[in-house]
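Undergrad: Below is the file protein08.csv, with CSV, C-alpha atoms.
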chain,number,residue,atom,x,y,z
A,12,MET,CA,-8.3,-28.2,20.5
A,13,ILE,CA,-7.2,-30.3,23.4
A,14,SER,CA,-6.8,-28.0,26.4
A,15,GLN,CA,-3.2,-28.3,27.6
A,16,PRO,CA,-1.9,-27.2,30.9
A,17,PRO,CA,-0.1,-23.9,30.3
A,18,ASP,CA,3.2,-25.7,30.8
A,19,GLU,CA,5.9,-24.4,28.4
A,20,ARG,CA,7.4,-27.9,28.1
A,21,THR,CA,4.4,-29.7,26.8
A,22,GLN,CA,3.9,-29.7,23.0
A,23,ARG,CA,0.8,-27.6,22.4
A,24,LEU,CA,-1.5,-28.5,19.4
A,25,ILE,CA,-1.4,-25.1,17.7
A,26,ASP,CA,-3.1,-24.9,14.3
A,27,PRO,CA,-0.5,-23.5,11.9
A,28,SER,CA,-3.1,-21.5,10.1
A,29,VAL,CA,-3.6,-19.5,13.4
A,30,LEU,CA,0.1,-18.7,13.4
A,31,ASP,CA,-0.2,-17.6,9.8
A,32,ARG,CA,-3.1,-15.4,10.7
A,33,ILE,CA,-1.0,-13.8,13.6
A,34,GLN,CA,1.9,-13.3,11.2
A,35,SER,CA,-0.4,-11.5,8.7
A,36,GLU,CA,-1.8,-9.3,11.5
A,37,VAL,CA,1.7,-8.5,12.7
A,38,ASP,CA,2.7,-7.4,9.2
A,39,SER,CA,-0.6,-5.5,8.6
A,40,ASP,CA,0.5,-2.3,10.3
A,41,LEU,CA,3.5,-0.4,11.6
A,42,VAL,CA,2.5,-0.7,15.2
A,43,VAL,CA,0.3,-3.7,16.3
A,44,LEU,CA,-0.8,-4.4,19.9
A,45,PHE,CA,-2.4,-7.7,20.7
A,46,MET,CA,-4.4,-7.3,23.9
A,47,ASN,CA,-7.3,-8.5,26.0
A,48,GLY,CA,-10.2,-6.3,25.0
A,49,THR,CA,-9.9,-3.0,23.2
A,50,PRO,CA,-8.2,0.3,23.9
A,51,VAL,CA,-11.5,1.8,24.9
A,52,PHE,CA,-12.6,-1.3,26.9
A,53,PRO,CA,-9.4,-3.1,28.0
A,54,LEU,CA,-10.3,-6.4,29.9
A,55,CYS,CA,-7.2,-6.5,32.1
A,56,GLY,CA,-4.7,-4.1,33.8
A,57,PRO,CA,-1.6,-4.9,31.7
A,58,SER,CA,-3.5,-4.6,28.4
A,59,ALA,CA,-5.0,-1.3,29.6
A,60,GLN,CA,-1.5,-0.1,30.5
A,61,GLY,CA,-0.1,-1.1,27.1
A,62,ALA,CA,-2.8,0.8,25.3
A,63,GLN,CA,-2.3,3.8,27.7
A,64,ILE,CA,1.4,4.0,26.9
A,65,LEU,CA,0.8,4.1,23.1
A,66,GLY,CA,-2.0,6.6,23.7
A,67,LEU,CA,0.3,8.8,25.8
A,68,LEU,CA,2.8,8.9,22.9
A,69,GLY,CA,0.0,9.6,20.4
A,70,VAL,CA,1.1,6.7,18.3
A,71,ARG,CA,-1.5,5.3,15.8
A,72,TYR,CA,-1.7,1.6,16.2
A,73,LYS,CA,-3.7,-1.5,15.3
A,74,ALA,CA,-5.2,-3.1,18.4
A,75,ILE,CA,-6.2,-6.8,18.1
A,76,ASP,CA,-8.5,-8.2,20.7
A,77,VAL,CA,-7.5,-11.8,21.3
A,78,THR,CA,-10.5,-12.5,23.5
A,79,VAL,CA,-12.6,-12.5,20.4
A,80,ASP,CA,-10.8,-15.6,19.2
A,81,PRO,CA,-9.7,-18.1,21.9
A,82,SER,CA,-7.4,-20.0,19.5
A,83,LEU,CA,-5.5,-16.7,19.1
A,84,ARG,CA,-5.1,-16.5,22.8
A,85,LEU,CA,-2.9,-19.6,23.2
A,86,ALA,CA,-1.2,-19.4,19.8
A,87,ILE,CA,0.1,-15.9,20.4
A,88,ARG,CA,2.2,-17.2,23.4
A,89,ASP,CA,4.0,-19.7,21.1
A,90,PHE,CA,4.3,-17.2,18.2
A,91,SER,CA,6.3,-14.8,20.3
A,92,ASN,CA,7.6,-17.1,23.1
A,93,TRP,CA,6.0,-14.6,25.5
A,94,PRO,CA,3.5,-15.9,28.1
A,95,THR,CA,1.3,-12.9,28.6
A,96,LEU,CA,-0.7,-10.1,27.0
A,97,PRO,CA,-0.5,-7.4,25.8
A,98,GLN,CA,2.1,-7.9,23.1
A,99,LEU,CA,3.6,-5.0,21.1
A,100,TYR,CA,5.0,-5.5,17.5
A,101,VAL,CA,6.7,-2.6,15.6
A,102,LYS,CA,7.4,-3.1,11.9
A,103,GLY,CA,6.7,-6.8,12.3
A,104,GLN,CA,9.2,-7.2,15.2
A,105,PHE,CA,8.1,-8.4,18.7
A,106,ILE,CA,9.1,-5.7,21.2
A,107,GLY,CA,7.6,-6.9,24.5
A,108,GLY,CA,4.7,-6.8,27.0
A,109,ASN,CA,3.5,-3.9,29.1
A,110,ASP,CA,6.4,-4.1,31.6
A,111,VAL,CA,8.9,-3.9,28.7
A,112,MET,CA,6.9,-1.0,27.2
A,113,ARG,CA,6.8,0.8,30.6
A,114,GLN,CA,10.6,0.4,31.1
A,115,MET,CA,11.2,1.6,27.5
A,116,LEU,CA,8.9,4.6,28.0
A,117,GLU,CA,10.7,5.5,31.2
A,118,ASN,CA,14.2,5.4,29.7
A,119,GLY,CA,13.1,6.9,26.4
A,120,ASP,CA,13.9,3.8,24.3
A,121,LEU,CA,10.2,3.4,23.2
A,122,GLN,CA,10.2,7.0,21.8
A,123,ALA,CA,13.6,6.4,20.2
A,124,LEU,CA,12.3,3.2,18.6
A,125,PHE,CA,9.3,5.0,17.0
A,126,MET,CA,11.5,7.8,15.8
A,127,ARG,CA,14.0,5.3,14.3
A,128,HIS,CA,11.1,3.9,12.3
A,129,ALA,CA,9.7,7.3,11.4
A,130,ILE,CA,6.5,6.5,13.2
A,131,PRO,CA,4.7,9.7,14.0
A,132,MET,CA,4.0,10.6,17.7
A,133,LEU,CA,2.1,13.5,19.2
A,134,ASP,CA,4.7,15.9,20.6
B,9,MET,CA,-0.5,-18.3,44.4
B,10,MET,CA,3.2,-18.1,45.0
B,11,GLN,CA,5.2,-17.0,48.0
B,12,ALA,CA,7.7,-14.1,47.6
B,13,GLU,CA,10.5,-16.3,48.9
B,14,GLU,CA,9.8,-18.9,46.2
B,15,ILE,CA,10.1,-16.3,43.5
B,16,VAL,CA,13.4,-15.1,44.9
B,17,LYS,CA,14.7,-18.7,45.2
B,18,LEU,CA,13.8,-19.6,41.6
B,19,ILE,CA,15.3,-16.5,40.2
B,20,ALA,CA,18.5,-16.8,42.3
B,21,GLU,CA,18.9,-20.4,41.1
B,22,ALA,CA,18.8,-19.3,37.5
B,23,LEU,CA,20.8,-16.1,38.1
B,24,PRO,CA,23.1,-16.6,41.0
B,25,ASP,CA,24.6,-13.1,40.7
B,26,ALA,CA,21.3,-11.4,40.6
B,27,HIS,CA,20.0,-8.9,43.1
B,28,VAL,CA,16.3,-9.7,43.4
B,29,GLU,CA,13.6,-7.6,45.2
B,30,VAL,CA,10.0,-8.8,45.5
B,31,GLU,CA,7.3,-6.6,46.9
B,32,ASP,CA,3.8,-7.9,47.6
B,33,LEU,CA,1.8,-5.0,46.3
B,34,ARG,CA,-1.5,-5.9,47.7
B,35,GLY,CA,-0.6,-8.3,50.4
B,36,ASP,CA,-2.6,-11.0,48.7
B,37,GLY,CA,0.3,-13.1,47.4
B,38,ASP,CA,-0.9,-12.6,43.8
B,39,HIS,CA,0.3,-9.1,42.9
B,40,TYR,CA,4.1,-8.9,43.1
B,41,ALA,CA,6.5,-6.2,41.9
B,42,VAL,CA,9.7,-8.0,41.1
B,43,THR,CA,12.9,-6.2,40.3
B,44,VAL,CA,16.0,-8.1,39.1
B,45,GLU,CA,19.4,-6.6,38.6
B,46,SER,CA,22.1,-8.8,37.0
B,47,HIS,CA,25.4,-8.7,35.1
B,48,SER,CA,24.1,-11.4,32.8
B,49,PHE,CA,21.5,-9.0,31.3
B,50,GLY,CA,24.3,-7.1,29.7
B,51,GLY,CA,23.8,-6.8,25.9
B,52,MET,CA,20.3,-8.4,26.1
B,53,SER,CA,17.1,-6.8,24.9
B,54,LEU,CA,14.6,-6.0,27.6
B,55,ALA,CA,12.3,-8.7,26.2
B,56,ASP,CA,15.1,-11.2,26.5
B,57,GLN,CA,15.9,-10.1,30.0
B,58,HIS,CA,12.3,-10.6,30.9
B,59,ARG,CA,12.2,-14.0,29.1
B,60,MET,CA,15.1,-15.1,31.3
B,61,ILE,CA,13.0,-14.4,34.4
B,62,PHE,CA,10.0,-16.1,32.8
B,63,ALA,CA,12.2,-19.2,32.3
B,64,ALA,CA,13.5,-19.0,35.8
B,65,LEU,CA,9.9,-19.0,37.1
B,66,GLN,CA,9.4,-22.2,35.1
B,67,GLY,CA,6.3,-21.3,33.1
B,68,ARG,CA,4.3,-19.9,36.0
B,69,VAL,CA,4.1,-16.4,34.6
B,70,GLY,CA,0.7,-16.0,32.9
B,71,GLY,CA,-0.6,-19.1,34.6
B,72,LEU,CA,-0.2,-19.4,38.4
B,73,LEU,CA,1.6,-16.0,38.6
B,74,LYS,CA,-0.8,-13.5,37.0
B,75,GLY,CA,-0.4,-10.1,38.6
B,76,MET,CA,3.4,-9.8,38.5
B,77,THR,CA,5.0,-6.5,37.5
B,78,LEU,CA,8.6,-7.1,36.4
B,79,THR,CA,11.5,-4.7,36.1
B,80,THR,CA,15.0,-5.7,35.0
B,81,ARG,CA,18.2,-3.8,35.1
B,82,VAL,CA,21.7,-4.5,33.9
B,83,ILE,CA,24.4,-4.3,36.6
B,84,GLU,CA,27.3,-2.5,34.9
B,85,ASP,CA,30.7,-3.9,35.8
B,86,ASP,CA,32.1,-0.7,37.2
B,87,ARG,CA,29.2,-0.2,39.6
B,88,SER,CA,29.7,-3.5,41.4
Have the structure of the file written as C-alpha cells, please.
TA:
Amino acid sequence: MISQPPDERTQRLIDPSVLDRIQSEVDSDLVVLFMNGTPVFPLCGPSAQGAQILGLLGVRYKAIDVTVDPSLRLAIRDFSNWPTLPQLYVKGQFIGGNDVMRQMLENGDLQALFMRHAIPMLD
Amino acid sequence: MMQAEEIVKLIAEALPDAHVEVEDLRGDGDHYAVTVESHSFGGMSLADQHRMIFAALQGRVGGLLKGMTLTTRVIEDDRS
C-alpha cells in the first residue's frame, strides 16, 4: 500500500476488503472496541482509558488490536471518519473515541446507552 | 508540535462564537487539554462535536497533534 501522508484531503488507497472486514467485526458483537494493544496490555494512553472505562462499567466487549494488522490501522480512520484510536461501536454504531467515552461516562450517557440496548453492566 | 495559540486560532476560525481553553498539560507542547464551548454544538452528538474540532484542526489530530484531550460542551442559549 502506498504510504500516504495522514492528510484527510488526499484520497487514500484503502483496500475495500479491509473495510468489509472492519464491518464484520463491528457487527460481530454488541460492544466492540478497536484499540492499540489489548485491554490487558494497552499500547497507548487513550486505548488504555477506553478499555478502563468499559471495565469500570463491567461491560463485556470484544477488543480488537489494530496493531496486529497495519492495514486495519489506516482503514479504520476512513471507516468511521475518526482520526484516532480507540474507537467504540455499540450495536454496530460508531460512538466515539476515549474523550467521547469519558464525557459520556461523566454525564451518565454511556450507562444510559448500554441500558437502552439492554447491555448488562456490573452494578 | 503545535503551539496553544495556533490551536485556539484554528478553532476560533471554524467556530467564531466558541469559547476555547487550551491547557498545556506537560509543558511539552504535545499534550494539550482542549475545552470548547459553542452554541453550534446544539443538537449534535458528542462524536460530531469532536469531529467539528478535528476538522477545524485540519487533519492534525492523530498526526502532528497526538496527545490532545478534547472536551466539548454546548452553550445553551439562556446561559449566554
Undergrad: Using all atoms listed in the file, find which residues of chain B lie within 6 Å of chain A and jot them down as a list in words.
TA: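 Putting it all together, I get Ala55, Gly67 and Gly70 of chain B.
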Undergrad: With a distance cut-off of 8 Å and all atoms listed in the file, select the neighbouring residues of Leu54 (chain B), excluding the residue or stretch itself and same-chain residues fewer than 2 positions from it, and output the selection as a compact mmCIF listing (two decimals) with C-alpha atoms, keeping the file's coordinate frame.
TA:
# COMPACT_ATOMS: atom_id res chain seq x y z
CA GLY A 107 7.60 -6.90 24.50
CA VAL A 111 8.90 -3.90 28.70
CA MET B 52 20.30 -8.40 26.10
CA ASP B 56 15.10 -11.20 26.50
CA GLN B 57 15.90 -10.10 30.00
CA HIS B 58 12.30 -10.60 30.90
CA THR B 80 15.00 -5.70 35.00
Undergrad: Which protein, DNA or RNA residues have an atom at most 9 Å from (0.7, -0.9, 10.3), counting all atoms listed in the file? List them as a list in words.
TA: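 Using all atoms listed in the file, the matching residues come out as Glu36, Val37, Asp38, Ser39, Asp40, Leu41, Val42, Val43, Arg71, Tyr72, Lys73, Val101, Lys102 and Gly103 of chain A.
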Undergrad: Kindly give the distance, in Å, that separates CA of Ser82 (chain A) and CA of Gly48 (chain A), rounded to a single decimal.
TA: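 CA of Gly48 (chain A) lies at a distance of 15.0 Å from CA of Ser82 (chain A).
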Undergrad: I'd like to know which of A:Leu124, A:Glu117, A:Phe52, A:Val77 is closest to Thr79 (chain B), using only C-alpha atoms.
TA: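 Looking only at the distances to Thr79 (chain B), the closest residue turns out to be A:Glu117.
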Undergrad: Which residue gives the smallest distance to Ile75 (chain A) among A:Leu116, A:Phe125, A:Ile87, A:Gln60, with all atoms listed in the file counted?
TA: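 Smallest separation from Ile75 (chain A) among the options: A:Ile87.
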Undergrad: Interatomic distance between CA of Val30 (chain B) and CA of Asp85 (chain B)?
TA: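 According to the coordinates, CA of Val30 (chain B) and CA of Asp85 (chain B) are separated by 23.4 Å.
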Undergrad: Find the residue from B:Ser46, B:Ile83, B:Gly75, B:Asp32 that sits nearest to Gln11 (chain B); use all atoms listed in the file when measuring.
TA: B:Asp32
Undergrad: To one decimal place in Å, what is the distance between CA of Gln98 (chain A) and CA of Tyr40 (chain B)?
TA: 20.1 Å
Undergrad: Counting only C-alpha atoms, find residues at most 9 Å from (2.5, -9.7, 43.8) (file frame) and give them as JSON, numbers by chain.
TA: {"B": [10, 11, 12, 30, 31, 32, 33, 34, 35, 36, 37, 38, 39, 40, 41, 42, 73, 74, 75, 76, 77]}
Undergrad: Quick one: everything within 10 Å of His27 (chain B), counting all atoms listed in the file, minus sequence neighbours fewer than 3 positions away in the same chain. Send it as a list of chain:residue names.
TA: B:Val16, B:Ile19, B:Ala20, B:Leu23, B:Pro24, B:Thr43, B:Val44, B:Glu45, B:Ser46, B:His47, B:Arg81, B:Ile83
Undergrad: Using the incomplete input, complete region 53-83 of chain B to the level of N, CA and C atoms; output as a CSV table (one decimal), keeping the file's coordinate frame.
TA:
chain,number,residue,atom,x,y,z
B,53,SER,N,18.3,-7.6,25.0
B,53,SER,CA,17.1,-6.8,24.9
B,53,SER,C,16.3,-6.9,26.1
B,54,LEU,N,15.5,-5.9,26.4
B,54,LEU,CA,14.6,-6.0,27.6
B,54,LEU,C,13.7,-7.2,27.5
B,55,ALA,N,13.2,-7.5,26.3
B,55,ALA,CA,12.3,-8.7,26.2
B,55,ALA,C,13.1,-9.9,26.5
B,56,ASP,N,14.3,-10.0,26.1
B,56,ASP,CA,15.1,-11.2,26.5
B,56,ASP,C,15.4,-11.3,27.9
B,57,GLN,N,15.7,-10.1,28.5
B,57,GLN,CA,15.9,-10.1,30.0
B,57,GLN,C,14.7,-10.7,30.7
B,58,HIS,N,13.5,-10.2,30.3
B,58,HIS,CA,12.3,-10.6,30.9
B,58,HIS,C,12.0,-12.1,30.7
B,59,ARG,N,12.4,-12.6,29.4
B,59,ARG,CA,12.2,-14.0,29.1
B,59,ARG,C,13.1,-14.9,30.0
B,60,MET,N,14.2,-14.3,30.4
B,60,MET,CA,15.1,-15.1,31.3
B,60,MET,C,14.4,-15.3,32.6
B,61,ILE,N,13.7,-14.3,33.1
B,61,ILE,CA,13.0,-14.4,34.4
B,61,ILE,C,11.8,-15.3,34.2
B,62,PHE,N,11.1,-15.2,33.1
B,62,PHE,CA,10.0,-16.1,32.8
B,62,PHE,C,10.4,-17.6,32.9
B,63,ALA,N,11.6,-17.8,32.3
B,63,ALA,CA,12.2,-19.2,32.3
B,63,ALA,C,12.5,-19.6,33.7
B,64,ALA,N,13.1,-18.7,34.4
B,64,ALA,CA,13.5,-19.0,35.8
B,64,ALA,C,12.3,-19.4,36.6
B,65,LEU,N,11.2,-18.7,36.3
B,65,LEU,CA,9.9,-19.0,37.1
B,65,LEU,C,9.2,-20.2,36.5
B,66,GLN,N,9.8,-20.9,35.6
B,66,GLN,CA,9.4,-22.2,35.1
B,66,GLN,C,7.9,-22.2,34.6
B,67,GLY,N,7.6,-21.3,33.8
B,67,GLY,CA,6.3,-21.3,33.1
B,67,GLY,C,5.1,-20.9,34.0
B,68,ARG,N,5.4,-20.3,35.2
B,68,ARG,CA,4.3,-19.9,36.0
B,68,ARG,C,3.7,-18.6,35.6
B,69,VAL,N,4.5,-17.7,34.9
B,69,VAL,CA,4.1,-16.4,34.6
B,69,VAL,C,3.0,-16.5,33.5
B,70,GLY,N,1.9,-15.9,33.8
B,70,GLY,CA,0.7,-16.0,32.9
B,70,GLY,C,-0.2,-17.1,33.3
B,71,GLY,N,0.3,-18.0,34.1
B,71,GLY,CA,-0.6,-19.1,34.6
B,71,GLY,C,-0.8,-18.8,36.1
B,72,LEU,N,0.0,-19.5,37.0
B,72,LEU,CA,-0.2,-19.4,38.4
B,72,LEU,C,0.1,-18.0,38.8
B,73,LEU,N,1.1,-17.3,38.2
B,73,LEU,CA,1.6,-16.0,38.6
B,73,LEU,C,1.0,-15.0,37.6
B,74,LYS,N,-0.1,-14.4,37.9
B,74,LYS,CA,-0.8,-13.5,37.0
B,74,LYS,C,-0.4,-12.1,37.2
B,75,GLY,N,-0.5,-11.5,38.4
B,75,GLY,CA,-0.4,-10.1,38.6
B,75,GLY,C,1.0,-9.6,38.9
B,76,MET,N,2.0,-10.2,38.2
B,76,MET,CA,3.4,-9.8,38.5
B,76,MET,C,3.8,-8.6,37.6
B,77,THR,N,4.4,-7.6,38.2
B,77,THR,CA,5.0,-6.5,37.5
B,77,THR,C,6.5,-6.8,37.6
B,78,LEU,N,7.2,-6.8,36.4
B,78,LEU,CA,8.6,-7.1,36.4
B,78,LEU,C,9.5,-5.9,35.9
B,79,THR,N,10.5,-5.7,36.5
B,79,THR,CA,11.5,-4.7,36.1
B,79,THR,C,12.9,-5.3,36.1
B,80,THR,N,13.6,-5.1,35.0
B,80,THR,CA,15.0,-5.7,35.0
B,80,THR,C,16.0,-4.6,34.7
B,81,ARG,N,17.2,-4.7,35.3
B,81,ARG,CA,18.2,-3.8,35.1
B,81,ARG,C,19.6,-4.5,34.9
B,82,VAL,N,20.4,-3.9,34.1
B,82,VAL,CA,21.7,-4.5,33.9
B,82,VAL,C,22.6,-3.9,35.0
B,83,ILE,N,23.4,-4.8,35.7
B,83,ILE,CA,24.4,-4.3,36.6
B,83,ILE,C,25.7,-4.1,35.8
